[in-house]
Every structure is written in structure tokens, then in C-alpha cells.
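Asks: Got a structure for you, written out below as C-alpha cells; questions coming shortly.
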Amino acid sequence: MTGERHILLVEDNADDELLTIRAFRQNRILTEVRVARDGQEALDQLLGGTGGQLPHLVLLDLKLPKVDGFGVLRRIRQAERTRLLPVVILTSSREDEDLRNGYLLGANSYIRKPVDFDQFTAAVRELGLYWLALNEPPPLA
Amino acid sequence: MKLWAKIGVLMSAILAGCIIAVLVFSHRSATAALLAEQDRVLLLTAERLAQELKEPLREGQRDALPGMLRGLQERNGGIAYLFVKNSTGSVAAHTFSRSVPEDALHAAVLRGGGQRSVARLPGGEWYQAGVPVETGAGDELFIGEPGQARNAALHALWGRELAAGTLAIAFGSLLCFSVVYRLTRPLQTVVQGIQIIGQGDLDHRLPAGGRDEIGGLAREINDMAERRKTTEDMIMKLNFELEENVEQRTAQLTAANRELEAFAYSVSHDLRAPLRSIDGFSKALLDDYLDKLDAEGRDHLKRIRKASQRMGQLIDDLLKLSRLTRGDMLIEQVDLSAMAREIAGNLQAADPARPVRVTVQDGVTGAGDRKMLRVVLENLLGNAWKYTTKQPQPRILFGMAGNGPSRAFFIKDNGAGFDMHYVQKLFGVFQRLHSDAEFPGTGIGLATVQRIVHRHGGTVWAEGEVGKGATFYFTLGRAA
């Protein structure tokens, strides 16, 4: 059941995109990673059209062009189809305000990207291990 | 008691005293005049009766004398008795049933020939007048009238005087009160006016037309009220301006704070992203192109990574520092001893191999923001922990020094210490007295401590000696 599903990485910074995918690969997490480079693109992928396969997990940056991370999260939680979708905020900020808003809008987890790439790799490993293997996903609508 | 009533009572009392004194004086003379008038009337009666006796006695009708006396008594209602003494002094005839009483006889003496007299008999029961009967034989007629009649007249006099006195005192008092009341009326108006002004109605003015002292007083008070009104208006205006200024400044500060928050957010988010790229791709180079790099190239990449990681740490510390100056403070009484023990326990747990002896004085408390005081103790104890690494028998002491207003919290260690020459640089941002190789650090910890202590209204200072250790003191300005 998990084999065909993917991870949706919502990230506008190309470097971060590359490094995140690299961290997944280094940790032997081979799940397909699809990328949305702004909030609108993410919403299009999740809610637009006829509705293809939903991702296993959404990794959401907060500072995004067009629609920001909070806007994306709000729409995800409002839509019947994606209401239960696991969303992990993955961002640089650790401001109390951002943390509060993230959890208020229904984020499942909040991870701050470390500057140190070794730590970043370790964080991605834990994240993959937990959300893709250990955690039981919600039943599909 | 009102002033006018007091003065009225006093004046009435004085007036009453005067009236009573006058009455007493006039009563005496009136009584004397009354008595003299009655004496005169009695004597005239006696003389008239003596005239009636004169002819019969001259004609020698002495035997008929008692009958004549009785006849006279019957015709003159007011006469109580009559008797006649002859030249030898014995009673020739009388109207008494037995004999002439001793008292009447005793009083019946005419000094020298031809004199008249009125005597009051002892006991006041009778008044007796005596006149000579000009018969040539030295007869004297005495008549008596009852004292009751005179007493009744005196009583009537008394009654009139008393009524007049009472009336005079009553009218006089009324007059006194009304005059005093009228005279002190302006004073009362002034007093009432002062009360109204005193209660805050600065627009109230006293009637100040009078040319006397009260008028002067009223004008003085009006002037004072005017000055006070001017002053209050000025204070109100200044207050208003001050409030406006404060509002304006607060708005400016709020705006500045918002800008600072936006800046901090941007630093947190945007400055770290490129650092992640630098570190991440350096790591990628080291991982994927290791065989194409020589030792120097690898070293360069490692330095790049280390620098970017350090910059990440600096950004984090700076953010923490800026957050401390923005957040609200929640002042409460904090058990600093317990807090210090907990932090020391954490330090020991993270570095179990080190044999540091930490001594914490019991019962040290301070008033401040719990989260901020924790940052202070974490920094100071963390520093002590760090700078004693090269000491074989490291010791750290937390407690309270001095007493009263000069008491201060302190953290003392026997670590690397510092040169007092550089003590000013200690608390500056990014200022360090040791190289990173010697003791790692970003140079923000003590700046953070100082900022927190200052926000609490306290001061922080340090003493140290190279190789012997350092002591950091701090106070909390609010009731610590």
C-alpha cells in the first residue's frame, strides 16, 4: 500500500530542495519525492483536478511565494479529502509565533532545519523512519 | 456654635447685666421716692385730722377726745388707729381697745416742738405719723396706717420693673443677634465660598464689594482661586501634552518593535538558508568528490563547514538575545537555589566525567522573570563550568553576598579567571577574552546576562584574576 505513494516537498529554495532529496537518498529512503515550489502549486497538486494519488506525507516550508505555508495548511485542513493528511512543517524559523500558528492550524509535527548538514541528514532520517515506516497513516478517504 | 451666635450670646449677656444693674439702681430710688410720697400723704392726713381736733381741744372739750378720735377713724378708712399725747408725754386718748402698744408709744416722739415725723414700727406692720396739735398745750396727734398697703404698692412697683427689665433684655438680645448676624453675614458668605472653592469649583467667586476686612479677604481669596485655576489649567494642558507625547512615543516604539521583530524573523529564516546551502554542498563535495580532493582541499572544505556552522550558532544566539529584549516580563519570587541546583545537575549529566564540586547556598530567592533568570544562571553556571575545565579540582559556588540594599547574588569559580584590565569588554556582544580554541563560545552569553539584569533594573559586575578564577555578581533592582 505504501509503495506507490510519494512525499510532497513544498519548498521554494532550490538548494534546500536538492539537499533534502539528497538527505533522503543518503538515508536509503527511496520513496518518490515530488516538489511544489510555491503554495499554489502545492494546493494544485493536492486539491486540483480529478484528484490523483495523495502523498504519504507533506513536508511544508512556511515562507513560500504566492500562498505561504500557513495558507496551504489551512486549505489542506479545510478540504475533506486532505483533512487527515500528515503534514510536517520543515522550516528555518523557530519563532514562538510560527510554532503556535503551525500547531493551531493542525500541523502534525514541526521540525527546524539545522544549518549543520550532518544534523540535517540525521533529522531527515528520523523523520522518514517515523512518518514512512513507524507511524500508521490515517485511512484514505 | 456659629461665630454670630457666640457674639450674640456674649453681647446679650453683657446687655442683660447692664439692664439688671440699672434696674437695681433705679429700684432703690423708686422705692425711696414711693415711701417718701406715702409718708407725705400720711403726714398731710395727720395734719388735716389735727386741724379738726384743734378747735374742740382749745375749747377744753378734753373728755370728748376719745369719741372724737373714734369718729375720725370711722370717717377715714385708711387709718388703723389714732392717739393723742399731751405735753407731759402721757396718752390723753386712743382708739386701741386696751392701751397703746409699747412699739407705738416708743416711736411716738417728736423731736422739739412743732416737728412732724413718720416712723415705721418694728416688724413693718404699721407706719405711724405724728404732728403737733396747735392747741398751745403741747398735744400731739399720732395716726397709724397698715404696712400692707405700702407693701402692695412696693410689690406693684417690683412687678412693673421686672416686666420692663425682661422686655428690655428680650428686645435687646433680639437686636444684638440681628445686628451681629447682619454684620457677620458677609463672613459666612466668604466661608461658604471658600468651601465651594475648596471642593474644586474654581470658577466660583465670592462677592467682594465690601470695603472692610471681609471684602479684602474675599478679594484675596478670589485672586487665589484665579491663580489656582490658571495653574490647574496649565497642569491639565501639560498632562494632556505629556499623554499625547507618551502615546506618540509608544506608537513609535511599537512600530520600531514590530520592525525589529520582522528583522529578527528575516534573520532567522533568510540568513540561515544560505548557510545551510554552504554547509550542505560542502558536505556533498566531501562525500562525492573525496577522491578528487587533496588534503588541503578537504581541509578548506572542513573550514568552510565549521565557519558556516559557527555563523548558524551566532545567528541563533543573537536571536535569543533580541527575543529577551522584546518579551513581556512576569515578575514572581523565584527560588534561585533550586534553579541553580537543577542547572548544575544538567551540566553534570551532560558531562559526567568531570569532577566539579558545585556548592549552592540554601534559601536564595529573587524577584524576577523565571525564564529570564534561568537564562542568567544557565549562562553564568555554564561559563563557570566551561572555564574550570583546565583546573584539576574545579569548584563552583552560588550564593548571596552582602546584606540590605547592597546584597548581590554571586557565582564564583576557581577556573581560568581573567585580567581585570579587560573587565569592560566582558559584557559586550561578540567580545571574548579567550580564543575559541582555548574555550569555545560565541561571546553573547554575558551580553545576554547583562541585558536581562538591566531589564530587571539591576546591575552585573565581575571580579577575576588570571589562573585563580572569577566571580560574577548581579542584583535584581525590583524588590529582590
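Here, A, B, ... name the chains of the C-alpha cells in the order displayed, residue numbers run from 1 inside each chain, and ligands are numbered from 1 in the same displayed order.
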Show me, as a ChimeraX atom specification, every residue of chain A with an atom at most 9 Å from chain B, counting only C-alpha atoms.

Replies: /A:13,15-16,19,22,63,91-95,113-118,120

Asks: Next, write the just-selected residues to a file, as an mmCIF file, in the first residue's frame, keeping N, CA, C and O atoms as the atom set.

Replies:
data_model
loop_
_atom_site.group_PDB
_atom_site.id
_atom_site.type_symbol
_atom_site.label_atom_id
_atom_site.label_comp_id
_atom_site.auth_asym_id
_atom_site.auth_seq_id
_atom_site.Cartn_x
_atom_site.Cartn_y
_atom_site.Cartn_z
ATOM 1 N N ASN A 13 13.165 27.055 -2.166
ATOM 2 C CA ASN A 13 14.607 27.211 -2.305
ATOM 3 C C ASN A 13 15.193 25.965 -2.986
ATOM 4 O O ASN A 13 15.114 24.848 -2.454
ATOM 5 N N ASP A 15 18.235 25.035 -3.504
ATOM 6 C CA ASP A 15 19.315 24.388 -2.747
ATOM 7 C C ASP A 15 18.733 23.466 -1.690
ATOM 8 O O ASP A 15 19.161 22.320 -1.543
ATOM 9 N N ASP A 16 17.741 23.991 -0.941
ATOM 10 C CA ASP A 16 17.135 23.193 0.116
ATOM 11 C C ASP A 16 16.454 21.960 -0.475
ATOM 12 O O ASP A 16 16.490 20.881 0.108
ATOM 13 N N LEU A 19 19.177 19.468 -1.296
ATOM 14 C CA LEU A 19 19.791 18.918 -0.085
ATOM 15 C C LEU A 19 18.826 17.973 0.627
ATOM 16 O O LEU A 19 19.247 16.939 1.157
ATOM 17 N N ARG A 22 18.698 14.828 -1.274
ATOM 18 C CA ARG A 22 19.980 14.146 -1.062
ATOM 19 C C ARG A 22 19.984 13.436 0.300
ATOM 20 O O ARG A 22 20.440 12.293 0.416
ATOM 21 N N LYS A 63 7.782 29.895 4.579
ATOM 22 C CA LYS A 63 7.940 31.106 3.775
ATOM 23 C C LYS A 63 7.933 30.701 2.291
ATOM 24 O O LYS A 63 8.913 30.153 1.793
ATOM 25 N N THR A 91 11.089 23.972 8.416
ATOM 26 C CA THR A 91 11.384 25.385 8.106
ATOM 27 C C THR A 91 12.607 25.863 8.873
ATOM 28 O O THR A 91 13.163 25.135 9.707
ATOM 29 N N SER A 92 13.045 27.093 8.573
ATOM 30 C CA SER A 92 14.222 27.656 9.262
ATOM 31 C C SER A 92 13.830 28.307 10.578
ATOM 32 O O SER A 92 14.599 28.365 11.520
ATOM 33 N N SER A 93 12.607 28.814 10.611
ATOM 34 C CA SER A 93 12.198 29.637 11.765
ATOM 35 C C SER A 93 11.831 28.786 12.964
ATOM 36 O O SER A 93 11.290 27.700 12.844
ATOM 37 N N ARG A 94 12.146 29.341 14.116
ATOM 38 C CA ARG A 94 11.664 28.692 15.328
ATOM 39 C C ARG A 94 11.007 29.733 16.232
ATOM 40 O O ARG A 94 10.999 29.620 17.443
ATOM 41 N N GLU A 95 10.452 30.769 15.584
ATOM 42 C CA GLU A 95 9.756 31.810 16.346
ATOM 43 C C GLU A 95 8.526 31.209 17.006
ATOM 44 O O GLU A 95 7.808 30.409 16.390
ATOM 45 N N LYS A 113 15.000 23.201 10.356
ATOM 46 C CA LYS A 113 16.146 22.719 9.554
ATOM 47 C C LYS A 113 17.445 23.184 10.212
ATOM 48 O O LYS A 113 17.675 24.385 10.340
ATOM 49 N N PRO A 114 18.316 22.272 10.626
ATOM 50 C CA PRO A 114 19.597 22.705 11.183
ATOM 51 C C PRO A 114 20.520 23.198 10.071
ATOM 52 O O PRO A 114 20.384 22.775 8.923
ATOM 53 N N VAL A 115 21.436 24.090 10.433
ATOM 54 C CA VAL A 115 22.421 24.574 9.455
ATOM 55 C C VAL A 115 23.411 23.449 9.127
ATOM 56 O O VAL A 115 23.769 23.225 7.968
ATOM 57 N N ASP A 116 23.797 22.716 10.158
ATOM 58 C CA ASP A 116 24.777 21.643 10.001
ATOM 59 C C ASP A 116 24.149 20.510 9.182
ATOM 60 O O ASP A 116 23.140 19.922 9.579
ATOM 61 N N PHE A 117 24.767 20.207 8.019
ATOM 62 C CA PHE A 117 24.143 19.225 7.130
ATOM 63 C C PHE A 117 24.111 17.831 7.759
ATOM 64 O O PHE A 117 23.199 17.047 7.494
ATOM 65 N N ASP A 118 25.096 17.519 8.591
ATOM 66 C CA ASP A 118 25.083 16.213 9.274
ATOM 67 C C ASP A 118 23.838 16.103 10.148
ATOM 68 O O ASP A 118 23.159 15.078 10.152
ATOM 69 N N PHE A 120 21.164 17.826 9.737
ATOM 70 C CA PHE A 120 20.010 17.871 8.843
ATOM 71 C C PHE A 120 19.720 16.462 8.308
ATOM 72 O O PHE A 120 18.574 16.013 8.277
#

Asks: Which of stretch 309-366 of chain B counts as strand (DSSP E or B) under DSSP, as a list in words please?

Replies: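 Of stretch 309-366 of chain B, only Ile331, Glu332, Gln333, Val334, Asp335, Arg357, Val358, Thr359, Val360, Thr365 and Gly366 of chain B fall in strand (DSSP E or B).
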
Asks: Using the selection just defined, write its residues with N, CA and C atoms as a compact mmCIF listing (two decimals), in the first residue's frame.

Replies:
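As written to disk, result_16.txt reads:
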# COMPACT_ATOMS: atom_id res chain seq x y z
N ILE B 331 6.97 39.03 36.68
CA ILE B 331 7.78 39.08 37.90
C ILE B 331 7.16 38.20 38.98
N GLU B 332 7.94 37.31 39.51
CA GLU B 332 7.48 36.48 40.64
C GLU B 332 8.70 36.17 41.52
N GLN B 333 8.43 35.61 42.70
CA GLN B 333 9.50 35.22 43.60
C GLN B 333 10.06 33.87 43.11
N VAL B 334 11.35 33.82 42.86
CA VAL B 334 11.94 32.62 42.27
C VAL B 334 12.96 32.03 43.24
N ASP B 335 12.88 30.71 43.44
CA ASP B 335 13.85 30.00 44.29
C ASP B 335 15.11 29.76 43.46
N ARG B 357 33.00 20.27 41.87
CA ARG B 357 32.26 20.37 43.14
C ARG B 357 31.42 21.65 43.12
N VAL B 358 30.12 21.48 43.03
CA VAL B 358 29.23 22.65 42.99
C VAL B 358 28.57 22.82 44.35
N THR B 359 28.73 24.01 44.94
CA THR B 359 28.09 24.28 46.24
C THR B 359 27.05 25.37 46.03
N VAL B 360 25.82 25.08 46.45
CA VAL B 360 24.74 26.07 46.30
C VAL B 360 24.21 26.44 47.68
N THR B 365 16.57 33.48 47.18
CA THR B 365 15.44 33.76 46.29
C THR B 365 15.58 35.16 45.70
N GLY B 366 14.92 35.38 44.59
CA GLY B 366 14.94 36.71 43.97
C GLY B 366 13.66 36.92 43.20

Asks: Name the residues in contact with A:Asn27 at a cut-off of 9 Å, using only C-alpha atoms, excluding same-chain residues fewer than 5 positions from it; report them as an MDAnalysis selection string.

Replies: chainID A and resid 22 121:122 124:125 128

Asks: Under the rule that only C-alpha atoms are counted, which of A:Pro137, A:Arg112, A:Arg5, A:Leu129 is the nearest residue to A:Arg28?

Replies: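 Looking at the shortest contact to A:Arg28, the residue is A:Leu129.
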
Asks: Would you list the contacts of A:Pro138 as a list in words, taking every protein, DNA or RNA residue within 10 Å and counting only C-alpha atoms, but skipping same-chain residues closer than 4 positions in sequence?

Replies: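 So the residues in contact are His56, Arg83, Leu84, Leu85 and Pro86 of chain A.
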
Asks: Pull N, CA, C and O atoms from the residues just selected and write them as a PDB file, in the first residue's frame.

Replies:
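And here's selection_3.pdb as it stands now:
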ATOM      1  N   HIS A  56       1.999  10.463   0.783  1.00  0.00           N
ATOM      2  CA  HIS A  56       2.098   9.808   2.076  1.00  0.00           C
ATOM      3  C   HIS A  56       2.309  10.850   3.185  1.00  0.00           C
ATOM      4  O   HIS A  56       1.861  10.705   4.310  1.00  0.00           O
ATOM      5  N   ARG A  83      -8.034  16.369   4.785  1.00  0.00           N
ATOM      6  CA  ARG A  83      -8.149  16.790   6.181  1.00  0.00           C
ATOM      7  C   ARG A  83      -7.207  16.032   7.109  1.00  0.00           C
ATOM      8  O   ARG A  83      -6.644  16.566   8.048  1.00  0.00           O
ATOM      9  N   LEU A  84      -7.048  14.736   6.847  1.00  0.00           N
ATOM     10  CA  LEU A  84      -6.264  13.899   7.756  1.00  0.00           C
ATOM     11  C   LEU A  84      -4.824  13.700   7.287  1.00  0.00           C
ATOM     12  O   LEU A  84      -4.058  12.965   7.923  1.00  0.00           O
ATOM     13  N   LEU A  85      -4.462  14.325   6.179  1.00  0.00           N
ATOM     14  CA  LEU A  85      -3.129  14.131   5.600  1.00  0.00           C
ATOM     15  C   LEU A  85      -2.020  14.559   6.563  1.00  0.00           C
ATOM     16  O   LEU A  85      -2.057  15.654   7.100  1.00  0.00           O
ATOM     17  N   PRO A  86      -1.022  13.685   6.825  1.00  0.00           N
ATOM     18  CA  PRO A  86       0.083  14.088   7.715  1.00  0.00           C
ATOM     19  C   PRO A  86       0.887  15.236   7.096  1.00  0.00           C
ATOM     20  O   PRO A  86       1.338  15.119   5.960  1.00  0.00           O
TER      21      PRO A  86
END

Asks: When you look at A:Val67 with a cut-off of 10 Å (counting only C-alpha atoms), what residues show up, excluding the ones that are within fewer than 6 positions of it in the same chain? I need them as a list in words.

Replies: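 Everything that qualifies: Asp38, Gly39, Gln40, Glu41, Ala42, Leu43 and Leu73 of chain A.
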
Asks: So that I have them on file, write out the residues from the current selection with C-alpha atoms, as a PDB file, in the first residue's frame.

Replies:
ATOM      1  CA  ASP A  38       5.141  27.593  -4.087  1.00  0.00           C
ATOM      2  CA  GLY A  39       1.956  27.313  -2.065  1.00  0.00           C
ATOM      3  CA  GLN A  40      -0.357  27.497  -5.044  1.00  0.00           C
ATOM      4  CA  GLU A  41       1.466  24.671  -6.825  1.00  0.00           C
ATOM      5  CA  ALA A  42       1.169  22.547  -3.676  1.00  0.00           C
ATOM      6  CA  LEU A  43      -2.566  23.176  -3.465  1.00  0.00           C
ATOM      7  CA  LEU A  73      -2.000  24.162   5.754  1.00  0.00           C
TER       8      LEU A  73
END

Asks: Taking 3 positions as the minimum chain separation for residues in the same chain, which residues sit within 6 Å of B:Ile444 when counting only C-alpha atoms? Answer as a short mmCIF file (atom, residue, chain, number, x, y, z; two decimals) with N, CA, C and O atoms, in the first residue's frame.

Replies:
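File written: result-v7.cif
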data_model
loop_
_atom_site.label_atom_id
_atom_site.label_comp_id
_atom_site.auth_asym_id
_atom_site.auth_seq_id
_atom_site.Cartn_x
_atom_site.Cartn_y
_atom_site.Cartn_z
N VAL B 429 28.72 42.49 23.28
CA VAL B 429 28.32 41.45 22.32
C VAL B 429 29.52 41.07 21.46
O VAL B 429 30.24 41.94 20.98
N PHE B 430 29.73 39.78 21.30
CA PHE B 430 30.83 39.21 20.49
C PHE B 430 32.21 39.49 21.08
O PHE B 430 33.22 39.29 20.41
N ALA B 447 26.62 39.15 27.44
CA ALA B 447 25.81 40.28 26.96
C ALA B 447 24.34 39.99 27.25
O ALA B 447 23.58 40.89 27.66
#

Asks: Let me make sure I understand: among A:Ala123, A:Ala79, A:Leu104, A:Ala36, which one has the smallest atom-to-atom distance to A:Ile7 if we use only C-alpha atoms?

Replies: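 Closest candidate: A:Ala36.
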
Asks: Among stretch 79-257 of chain B, which ones does DSSP assign to alpha helix (DSSP H) (computed from the backbone)? Answer as a PyMOL selection string.

Replies: chain B and resi 102-107+147-198+213-257

Asks: Would you list the contacts of B:Leu42 as a PDB file with N, CA and C atoms, in the first residue's frame, taking every protein, DNA or RNA residue within 9 Å and counting only C-alpha atoms, but skipping same-chain residues closer than 4 positions in sequence?

Replies:
ATOM      1  N   GLU B  37     -43.293 109.640  99.243  1.00  0.00           N
ATOM      2  CA  GLU B  37     -44.599 110.142  98.824  1.00  0.00           C
ATOM      3  C   GLU B  37     -45.683 109.679  99.805  1.00  0.00           C
ATOM      4  N   GLN B  38     -45.592 108.395 100.199  1.00  0.00           N
ATOM      5  CA  GLN B  38     -46.609 107.855 101.109  1.00  0.00           C
ATOM      6  C   GLN B  38     -46.490 108.503 102.489  1.00  0.00           C
ATOM      7  N   ALA B  46     -52.541 113.363 108.704  1.00  0.00           N
ATOM      8  CA  ALA B  46     -52.397 113.630 110.149  1.00  0.00           C
ATOM      9  C   ALA B  46     -52.655 115.127 110.432  1.00  0.00           C
ATOM     10  N   GLU B  47     -52.116 115.990 109.545  1.00  0.00           N
ATOM     11  CA  GLU B  47     -52.272 117.438 109.766  1.00  0.00           C
ATOM     12  C   GLU B  47     -53.741 117.854 109.620  1.00  0.00           C
ATOM     13  N   VAL B 118     -42.567 110.585 110.623  1.00  0.00           N
ATOM     14  CA  VAL B 118     -43.186 109.315 110.212  1.00  0.00           C
ATOM     15  C   VAL B 118     -42.232 108.219 110.631  1.00  0.00           C
ATOM     16  N   TYR B 127     -47.178 102.008 109.812  1.00  0.00           N
ATOM     17  CA  TYR B 127     -46.416 103.239 109.646  1.00  0.00           C
ATOM     18  C   TYR B 127     -47.166 104.300 110.454  1.00  0.00           C
ATOM     19  N   GLN B 128     -46.436 105.026 111.235  1.00  0.00           N
ATOM     20  CA  GLN B 128     -47.104 105.937 112.194  1.00  0.00           C
ATOM     21  C   GLN B 128     -46.603 107.367 111.974  1.00  0.00           C
ATOM     22  N   ALA B 129     -47.543 108.316 111.781  1.00  0.00           N
ATOM     23  CA  ALA B 129     -47.155 109.722 111.616  1.00  0.00           C
ATOM     24  C   ALA B 129     -47.622 110.532 112.835  1.00  0.00           C
ATOM     25  N   ILE B 143     -51.153 109.047 114.138  1.00  0.00           N
ATOM     26  CA  ILE B 143     -52.051 108.127 113.430  1.00  0.00           C
ATOM     27  C   ILE B 143     -51.209 107.013 112.797  1.00  0.00           C
ATOM     28  N   GLY B 144     -51.832 105.845 112.683  1.00  0.00           N
ATOM     29  CA  GLY B 144     -51.085 104.731 112.079  1.00  0.00           C
ATOM     30  C   GLY B 144     -51.842 104.154 110.896  1.00  0.00           C
ATOM     31  N   GLU B 145     -51.119 103.792 109.886  1.00  0.00           N
ATOM     32  CA  GLU B 145     -51.766 103.079 108.768  1.00  0.00           C
ATOM     33  C   GLU B 145     -51.078 101.718 108.607  1.00  0.00           C
TER      34      GLU B 145
END

Asks: Using only C-alpha atoms, find the one residue out of B:Thr184, B:Gln450, B:Asn86, B:Gln73 that sits nearest to B:Asp212.

Replies: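 Looking at the shortest contact to B:Asp212, the residue is B:Thr184.
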